[in-house]
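Data first, discussion second: the structure below is written as structure tokens.
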Amino acid sequence: MSTETLTDAPGGNAGLRAFLHGLPGVDQVGAEERAARLATRSIKTTAKAEAIDLAISMVDLTTLEGADTPGKVRALCAKAMHPDPADPSVPKVAAVCVYSDMVAVAVGALGASGIGVASVATAFPSGRAPLEAKLADTRAAVAAGATEIDMVIDRGAFLSGDYLKVYEEIVETKRACGGAHLKVILETGELVTYDNVRRASWLAMRAGADFIKTSTGKVSPAATPPVTLIMLEAVRDFRAETGRQVGVKPAGGIRTTKDAIKNLVLVNETAGPDWLTPAWFRLGASSLLNDLLMQRQKLTTGVYAGPDYFTLD
Amino acid sequence: MSIFEYAPAPESAAIVDIRPSYDLFIGGAWVESAGERRHKSVNPATEDVLAEITEATAADVDHAVAAARKAFDTVWGPMPGRDRAKYLFRIARLLQERSRELAVLESIDNGKPIRESRDVDLPLVAAHFFYYAGWADKLPYAGFGPDPRPVGVAGQVIPWNFPLLMLAWKIAPALACGNTVVLKPAETTSLTALAFAEICRQADLPAGVVNIVTGAGETGRALVEHPGIDKIAFTGSTEVGRQIARSAAGTAKRLTLELGGKAANVIFDDAALDQAVEGVVNGIFFNQGHVCCAGSRLLVQESVAAELIDRLKRRMATLRVGDPLDKNTDVGAINSAEQLDKIRTLSAAGEDEGAVRWSPPCELPSRGYWFAPTVFTEVAQSHRIAREEIFGPVLSVLTFRTPAEAVEKANNTPYGLSAGIWTEKGSRILWMAERLRAGVVWANTFNKFDPAAPFGGYKESGFGREGGRHGLEAYLDV
């Protein structure tokens, strides 16, 4: 295995293939068993309170609808800054995630709050556009003030074995990002096998990804626990190998506090506590935040408030 | 940086009702012993005394065997299989209904983590009764002739590592085939067997079909040497197994022995390493390594040995050792002070003989019997820790270079209960499985049990099979 991140893939497509197919395999039964076992960890009282606040601070609050309006995005930004208007002790979220044409609105609304603006670019969610169009999308988002770019990989190229094409697109997009962080979406639901998930993770990391992300949220299954487990193993091994730390972002289908806490347990026991911060782990979600707020209030007050006591957006 | 600590999440002990002292269960009733001797059963995690357990005398055993004989002759033997099945199904359902209580009791008495007693032991216990209930009215179709008959009265002696599960492995097939039983649980873990006696009453099982005599070695000896039993089933140490085999020799008693093991877990360089590490952890640290088929010898291909050991150590550092009733505990308490001594002695021998010892930093509770998960590297075949069964959370790592060498080393042991193979290559799994001298060979997994799968040993691991259709044979006159 290589010990450095290279911009040019050594040995071209054949070299990349040899490297990716030389990674140890993933046993499906074993990986699913391990993820299921970690899901039985019982997190209560102080640990639960800490986990909920940590999860809130890791949320990339997301709206990715064709019907998004500037008003909706501004409302989302307000929620990102003050998730629970009645309780100022609630931490703010990590970032707001929008389409590239909404970046300027989000930047304006968030002001100096310190909350990141993430933009999905590169012909999200299908990734089916010429490279030039993807790069233009990326540059537009960065120019409008996005601090994080969520790119999608070309799954068709990956599945057909054209690893070099995927690699080069990531390298080019990373270049177009400038100072912005690059999150690479693998769309694991379309890669299907865990071996593919593992290979795509390494491919993205070697091409320069700052984060690897499971899904667009538009394809099911999205962020399943075994997929997140495989990706966490990949970033752990990658750091051991190269010294460079890469973040992980499961996205899609994480709706409840239970789901979020299961993810944190996966991080804690797989990659380790170094990843338990918004800098290295994010939860891509739209409806999760309210459940976290509801459970948080339950822990503080001892009683559940109904969903009407939390703002829609 | 935030450190994510899990708060304690203990299962409540209030659900179990432990009496201060227990009598013997004979002929469907609680019976006082003819003798005076009792011993204290302690909670291995705290050393608190849980209850006083009766030491059954030879006269008590005689009484129990007579009750079993009477039940066999008058009720259980003549009963149609379909009716026996109803009782077994009823017991299985009661076990499920009371599974939370039984899991807590098992963890308190044995020291095993609640996660294992709740998620592994109890579901399997119920599954065994369901499985053999299904056979009770289908015995003519089991492949042992058109009219297989029960053997008679079975004397059964079980160990302390899986108290209720071993009870199920013994009692379910015996009753399904029409036998009656006298069972002696291990002296340190009698409580769930005594709770099972209550379940027999709840199920209205005819008096004398199941008899439970508690006690230590002497009681066991009185039982296996009793002339009134027709069949001995023993699970435990090879040493005691030898004595039993000697005493049964020349008698008409049938005998099955399920004894010790020193299983090889063989990892090839093309294995899925992360899952192999999980398998190694499950193989040796499951139930604190108190598993006769534990994967206590790790044979790893030299080309991946360093990487695998690194991964294994990192994984071991995440094992949580402590309160067995905490739902987050991975490794519980060692069952007895005596067993802890044995583990310590053998581990010290490992160091003396030149193997390299490693344990993750972990704080052990000050009271109770505890041993940190331990791995020995640079182990040679000639070391004691590579030969003798330690029966604790201690793993010995050896290396090999070729598949033939792996087979040779794996088979180079007096035992032959189980083995594991880790490779992505299917043809190699089949090649290895043909050559390994072990009763169970797991491929890309370890320590998986199912009532339909036969289990038993080669060589000093004993003879006879429990579980599955094969498990019926030991309890049928075929």
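By order in the structure tokens, chains are A, B, ...; within a chain, residues start at 1; ligands start at 1, following the order shown.
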Original post:
Near segment 91-103 of chain A, counting only C-alpha atoms, which residues have an atom at most 7 Å away, once you skip same-chain residues fewer than 2 positions from it, shown as a VMD selection string?
Top reply: chain A and resid 53 56 to 64 70 77 80 to 83 89 105 to 107 115 to 121 141 144 to 146 278
Could you write out the selected residues, including N, CA, C and O atoms, as a CSV table (one decimal), in the first residue's frame?
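Result went into result_7.csv, see below:
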chain,number,residue,atom,x,y,z
A,53,ASP,N,-26.1,16.1,22.9
A,53,ASP,CA,-25.5,17.4,22.6
A,53,ASP,C,-24.4,17.2,21.5
A,53,ASP,O,-24.3,18.1,20.6
A,56,ILE,N,-26.2,16.8,18.2
A,56,ILE,CA,-26.7,18.1,17.7
A,56,ILE,C,-25.6,18.9,17.0
A,56,ILE,O,-25.7,19.4,15.9
A,57,SER,N,-24.4,18.9,17.7
A,57,SER,CA,-23.3,19.7,17.1
A,57,SER,C,-22.7,19.1,15.9
A,57,SER,O,-21.9,19.7,15.2
A,58,MET,N,-23.1,17.9,15.6
A,58,MET,CA,-22.5,17.2,14.4
A,58,MET,C,-23.5,17.2,13.2
A,58,MET,O,-23.2,16.7,12.1
A,59,VAL,N,-24.7,17.8,13.4
A,59,VAL,CA,-25.7,17.7,12.4
A,59,VAL,C,-25.4,18.7,11.2
A,59,VAL,O,-25.0,19.8,11.4
A,60,ASP,N,-25.4,18.1,10.0
A,60,ASP,CA,-25.5,19.0,8.8
A,60,ASP,C,-26.9,19.2,8.4
A,60,ASP,O,-27.5,18.3,7.8
A,61,LEU,N,-27.5,20.3,8.9
A,61,LEU,CA,-29.0,20.4,8.7
A,61,LEU,C,-29.2,20.7,7.2
A,61,LEU,O,-28.6,21.6,6.6
A,62,THR,N,-30.1,19.9,6.6
A,62,THR,CA,-30.1,19.7,5.2
A,62,THR,C,-31.5,20.0,4.6
A,62,THR,O,-32.5,19.5,5.1
A,63,THR,N,-31.5,20.8,3.5
A,63,THR,CA,-32.7,20.8,2.7
A,63,THR,C,-32.3,20.7,1.2
A,63,THR,O,-31.5,21.5,0.7
A,64,LEU,N,-32.7,19.6,0.6
A,64,LEU,CA,-32.3,19.4,-0.8
A,64,LEU,C,-33.6,19.0,-1.6
A,64,LEU,O,-33.7,17.9,-2.0
A,70,PRO,N,-35.7,30.7,-1.0
A,70,PRO,CA,-34.8,31.5,-0.1
A,70,PRO,C,-35.4,31.6,1.3
A,70,PRO,O,-34.7,31.5,2.3
A,77,CYS,N,-31.7,28.2,8.4
A,77,CYS,CA,-30.5,28.8,9.0
A,77,CYS,C,-30.8,29.3,10.4
A,77,CYS,O,-29.9,29.2,11.3
A,80,ALA,N,-30.7,26.4,12.6
A,80,ALA,CA,-29.4,25.9,12.8
A,80,ALA,C,-28.7,26.7,13.9
A,80,ALA,O,-27.9,26.1,14.7
A,81,MET,N,-28.9,28.0,14.0
A,81,MET,CA,-28.2,28.8,15.0
A,81,MET,C,-28.9,28.7,16.4
A,81,MET,O,-28.2,28.7,17.4
A,82,HIS,N,-30.2,28.6,16.4
A,82,HIS,CA,-30.9,28.4,17.7
A,82,HIS,C,-31.9,27.2,17.6
A,82,HIS,O,-33.1,27.5,17.4
A,83,PRO,N,-31.4,26.0,17.7
A,83,PRO,CA,-32.2,24.9,17.4
A,83,PRO,C,-33.5,24.9,18.3
A,83,PRO,O,-34.6,24.5,17.9
A,89,SER,N,-29.1,26.7,26.0
A,89,SER,CA,-27.9,25.8,26.2
A,89,SER,C,-27.8,24.7,25.1
A,89,SER,O,-26.8,24.0,25.1
A,105,VAL,N,-27.7,32.6,-0.1
A,105,VAL,CA,-28.8,32.9,0.8
A,105,VAL,C,-28.4,32.4,2.2
A,105,VAL,O,-28.5,33.1,3.2
A,106,ALA,N,-27.8,31.2,2.3
A,106,ALA,CA,-27.4,30.6,3.5
A,106,ALA,C,-26.3,31.4,4.2
A,106,ALA,O,-26.3,31.7,5.4
A,107,VAL,N,-25.3,31.8,3.3
A,107,VAL,CA,-24.2,32.5,3.8
A,107,VAL,C,-24.7,33.8,4.5
A,107,VAL,O,-24.3,34.2,5.6
A,115,ILE,N,-21.3,28.7,11.7
A,115,ILE,CA,-21.9,27.5,11.2
A,115,ILE,C,-21.4,27.4,9.7
A,115,ILE,O,-21.5,28.4,9.0
A,116,GLY,N,-21.0,26.2,9.3
A,116,GLY,CA,-20.5,26.0,7.9
A,116,GLY,C,-21.7,26.0,6.9
A,116,GLY,O,-22.8,25.8,7.3
A,117,VAL,N,-21.3,26.4,5.7
A,117,VAL,CA,-22.3,26.2,4.6
A,117,VAL,C,-21.8,25.1,3.7
A,117,VAL,O,-20.8,25.3,3.1
A,118,ALA,N,-22.5,24.0,3.7
A,118,ALA,CA,-22.2,22.9,2.8
A,118,ALA,C,-23.1,23.0,1.6
A,118,ALA,O,-24.3,23.3,1.7
A,119,SER,N,-22.5,22.7,0.4
A,119,SER,CA,-23.3,22.7,-0.8
A,119,SER,C,-23.0,21.4,-1.5
A,119,SER,O,-21.9,21.0,-1.7
A,120,VAL,N,-24.2,20.8,-1.9
A,120,VAL,CA,-24.0,19.7,-2.8
A,120,VAL,C,-23.7,20.2,-4.2
A,120,VAL,O,-24.4,21.1,-4.7
A,121,ALA,N,-22.7,19.7,-4.9
A,121,ALA,CA,-22.3,20.2,-6.2
A,121,ALA,C,-22.1,19.0,-7.1
A,121,ALA,O,-22.5,17.9,-6.7
A,141,ALA,N,-20.5,27.3,-6.3
A,141,ALA,CA,-20.8,27.1,-4.9
A,141,ALA,C,-19.7,27.8,-4.0
A,141,ALA,O,-20.0,28.5,-3.0
A,144,ALA,N,-19.8,31.5,-4.1
A,144,ALA,CA,-20.9,32.0,-3.4
A,144,ALA,C,-20.7,31.9,-1.9
A,144,ALA,O,-21.5,32.4,-1.1
A,145,GLY,N,-19.6,31.3,-1.5
A,145,GLY,CA,-19.3,31.3,0.0
A,145,GLY,C,-19.4,29.9,0.6
A,145,GLY,O,-19.3,29.9,1.9
A,146,ALA,N,-19.6,28.8,-0.1
A,146,ALA,CA,-19.7,27.5,0.5
A,146,ALA,C,-18.3,27.2,1.2
A,146,ALA,O,-17.3,27.4,0.6
A,278,PRO,N,-17.3,17.3,15.6
A,278,PRO,CA,-17.9,17.8,14.3
A,278,PRO,C,-16.9,17.9,13.3
A,278,PRO,O,-17.2,17.9,12.1
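Those residues of segment 394-458 of chain B that DSSP, working from the backbone, places in strand (DSSP E or B) are B:Val394, B:Leu395, B:Ser396, B:Val397, B:Leu398, B:Thr399, B:Phe400, B:Ser418, B:Ala419, B:Gly420, B:Ile421, B:Trp422, B:Val440, B:Val441, B:Trp442, B:Ala443, B:Phe455.
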Sorted by chain and rising residue number, list the residues of chain B at most 8 Å from chain A (counting only C-alpha atoms), each with its closest atom pair and distance in Å to one decimal, as JSON lines.
{"residue": "B:Met1", "atom": "CA", "partner": "A:Thr277", "partner_atom": "CA", "distance": 7.1}
{"residue": "B:Ser2", "atom": "CA", "partner": "A:Leu276", "partner_atom": "CA", "distance": 6.9}
{"residue": "B:Ile3", "atom": "CA", "partner": "A:Pro273", "partner_atom": "CA", "distance": 6.3}
{"residue": "B:Phe4", "atom": "CA", "partner": "A:Ala47", "partner_atom": "CA", "distance": 7.0}
{"residue": "B:Glu5", "atom": "CA", "partner": "A:Ala47", "partner_atom": "CA", "distance": 5.9}
{"residue": "B:Tyr6", "atom": "CA", "partner": "A:Ala47", "partner_atom": "CA", "distance": 5.2}
{"residue": "B:Ala7", "atom": "CA", "partner": "A:Ala47", "partner_atom": "CA", "distance": 5.3}
{"residue": "B:Pro8", "atom": "CA", "partner": "A:Lys44", "partner_atom": "CA", "distance": 7.5}
{"residue": "B:Ala9", "atom": "CA", "partner": "A:Ser42", "partner_atom": "CA", "distance": 6.3}
{"residue": "B:Asp270", "atom": "CA", "partner": "A:Pro24", "partner_atom": "CA", "distance": 6.5}
{"residue": "B:Ala271", "atom": "CA", "partner": "A:Pro24", "partner_atom": "CA", "distance": 6.7}
{"residue": "B:Ala272", "atom": "CA", "partner": "A:Gly25", "partner_atom": "CA", "distance": 4.6}
{"residue": "B:Leu273", "atom": "CA", "partner": "A:Pro24", "partner_atom": "CA", "distance": 6.3}
{"residue": "B:Asp274", "atom": "CA", "partner": "A:Val26", "partner_atom": "CA", "distance": 7.5}
{"residue": "B:Gln275", "atom": "CA", "partner": "A:Gly30", "partner_atom": "CA", "distance": 5.4}
{"residue": "B:Glu278", "atom": "CA", "partner": "A:Arg34", "partner_atom": "CA", "distance": 7.5}
{"residue": "B:Thr318", "atom": "CA", "partner": "A:Glu269", "partner_atom": "CA", "distance": 6.4}
{"residue": "B:Lys327", "atom": "CA", "partner": "A:Ser42", "partner_atom": "CA", "distance": 6.3}
{"residue": "B:Asn328", "atom": "CA", "partner": "A:Arg41", "partner_atom": "CA", "distance": 5.5}
{"residue": "B:Glu424", "atom": "CA", "partner": "A:Gly25", "partner_atom": "CA", "distance": 7.5}
{"residue": "B:Asn444", "atom": "CA", "partner": "A:Asp27", "partner_atom": "CA", "distance": 7.8}
{"residue": "B:Thr445", "atom": "CA", "partner": "A:Gly30", "partner_atom": "CA", "distance": 7.3}
Write the selection just made, keeping N, CA, C and O atoms, as a tab-separated table (two decimals), in the first residue's frame?
chain	number	residue	atom	x	y	z
B	1	MET	N	-11.52	17.94	23.59
B	1	MET	CA	-12.19	16.88	22.83
B	1	MET	C	-13.12	16.11	23.75
B	1	MET	O	-12.79	15.80	24.88
B	2	SER	N	-14.29	15.82	23.24
B	2	SER	CA	-15.26	15.14	24.09
B	2	SER	C	-14.93	13.66	24.16
B	2	SER	O	-14.65	13.01	23.16
B	3	ILE	N	-14.95	13.12	25.34
B	3	ILE	CA	-14.75	11.68	25.52
B	3	ILE	C	-16.11	11.08	25.84
B	3	ILE	O	-16.82	11.53	26.72
B	4	PHE	N	-16.45	10.07	25.08
B	4	PHE	CA	-17.78	9.51	25.13
B	4	PHE	C	-17.79	8.34	26.10
B	4	PHE	O	-17.42	7.23	25.76
B	5	GLU	N	-18.14	8.61	27.35
B	5	GLU	CA	-18.15	7.54	28.36
B	5	GLU	C	-19.57	6.99	28.46
B	5	GLU	O	-20.53	7.75	28.51
B	6	TYR	N	-19.67	5.66	28.56
B	6	TYR	CA	-21.00	5.09	28.75
B	6	TYR	C	-21.32	5.08	30.23
B	6	TYR	O	-20.52	4.60	31.03
B	7	ALA	N	-22.48	5.60	30.59
B	7	ALA	CA	-22.90	5.50	31.99
B	7	ALA	C	-23.30	4.05	32.26
B	7	ALA	O	-23.72	3.34	31.36
B	8	PRO	N	-23.16	3.60	33.52
B	8	PRO	CA	-23.56	2.22	33.83
B	8	PRO	C	-25.03	2.00	33.47
B	8	PRO	O	-25.86	2.89	33.68
B	9	ALA	N	-25.32	0.84	32.91
B	9	ALA	CA	-26.69	0.51	32.53
B	9	ALA	C	-27.02	-0.87	33.05
B	9	ALA	O	-27.18	-1.82	32.30
B	270	ASP	N	-5.68	-14.11	3.04
B	270	ASP	CA	-6.71	-13.47	2.22
B	270	ASP	C	-8.03	-13.31	2.98
B	270	ASP	O	-9.06	-13.01	2.39
B	271	ALA	N	-8.00	-13.50	4.29
B	271	ALA	CA	-9.24	-13.41	5.06
B	271	ALA	C	-9.71	-11.96	5.15
B	271	ALA	O	-8.92	-11.03	5.00
B	272	ALA	N	-11.00	-11.79	5.40
B	272	ALA	CA	-11.54	-10.46	5.69
B	272	ALA	C	-11.06	-10.11	7.11
B	272	ALA	O	-11.61	-10.59	8.09
B	273	LEU	N	-10.02	-9.31	7.19
B	273	LEU	CA	-9.29	-9.19	8.46
B	273	LEU	C	-10.14	-8.61	9.60
B	273	LEU	O	-10.06	-9.08	10.73
B	274	ASP	N	-10.91	-7.56	9.30
B	274	ASP	CA	-11.68	-6.95	10.39
B	274	ASP	C	-12.69	-7.94	10.96
B	274	ASP	O	-12.89	-8.01	12.17
B	275	GLN	N	-13.31	-8.73	10.08
B	275	GLN	CA	-14.28	-9.70	10.57
B	275	GLN	C	-13.56	-10.88	11.24
B	275	GLN	O	-14.07	-11.47	12.18
B	278	GLU	N	-12.96	-9.91	14.74
B	278	GLU	CA	-14.20	-10.10	15.51
B	278	GLU	C	-14.38	-11.56	15.87
B	278	GLU	O	-14.81	-11.91	16.97
B	318	THR	N	-10.97	-2.19	23.36
B	318	THR	CA	-12.35	-1.68	23.49
B	318	THR	C	-13.25	-2.63	24.27
B	318	THR	O	-14.41	-2.32	24.49
B	327	LYS	N	-25.49	-3.85	30.91
B	327	LYS	CA	-25.76	-4.27	29.53
B	327	LYS	C	-24.60	-3.95	28.59
B	327	LYS	O	-24.56	-4.43	27.46
B	328	ASN	N	-23.69	-3.08	29.00
B	328	ASN	CA	-22.56	-2.73	28.15
B	328	ASN	C	-21.31	-3.58	28.41
B	328	ASN	O	-20.28	-3.35	27.79
B	424	GLU	N	-11.16	-16.06	2.26
B	424	GLU	CA	-12.18	-15.71	1.29
B	424	GLU	C	-12.30	-16.78	0.21
B	424	GLU	O	-13.10	-16.67	-0.69
B	444	ASN	N	-15.34	-18.77	8.54
B	444	ASN	CA	-15.59	-17.32	8.61
B	444	ASN	C	-16.60	-16.93	9.69
B	444	ASN	O	-17.35	-15.98	9.55
B	445	THR	N	-16.61	-17.69	10.75
B	445	THR	CA	-17.41	-17.37	11.92
B	445	THR	C	-16.90	-18.25	13.06
B	445	THR	O	-16.01	-19.07	12.84
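Separating atom CA of Leu259 of chain B from atom CA of Pro159 of chain B is a distance of 10.0 Å.
From atom CA of Ser303 of chain B back to atom CA of Leu398 of chain B, the distance works out to 12.5 Å.
Straight-line separation from atom CA of Ala75 of chain A to atom CA of Glu148 of chain A: 20.1 Å.
The list of residues with at least one atom within 6 Å of segment 211-223 of chain A, based on only C-alpha atoms and without residues fewer than 4 positions apart in the same chain, reads Lys183, Val184, Ile185, Leu186, Glu187, Thr188, Gly189, Val246, Gly247, Val248, Lys249, Pro250, Ala251 and Gly252 of chain A.
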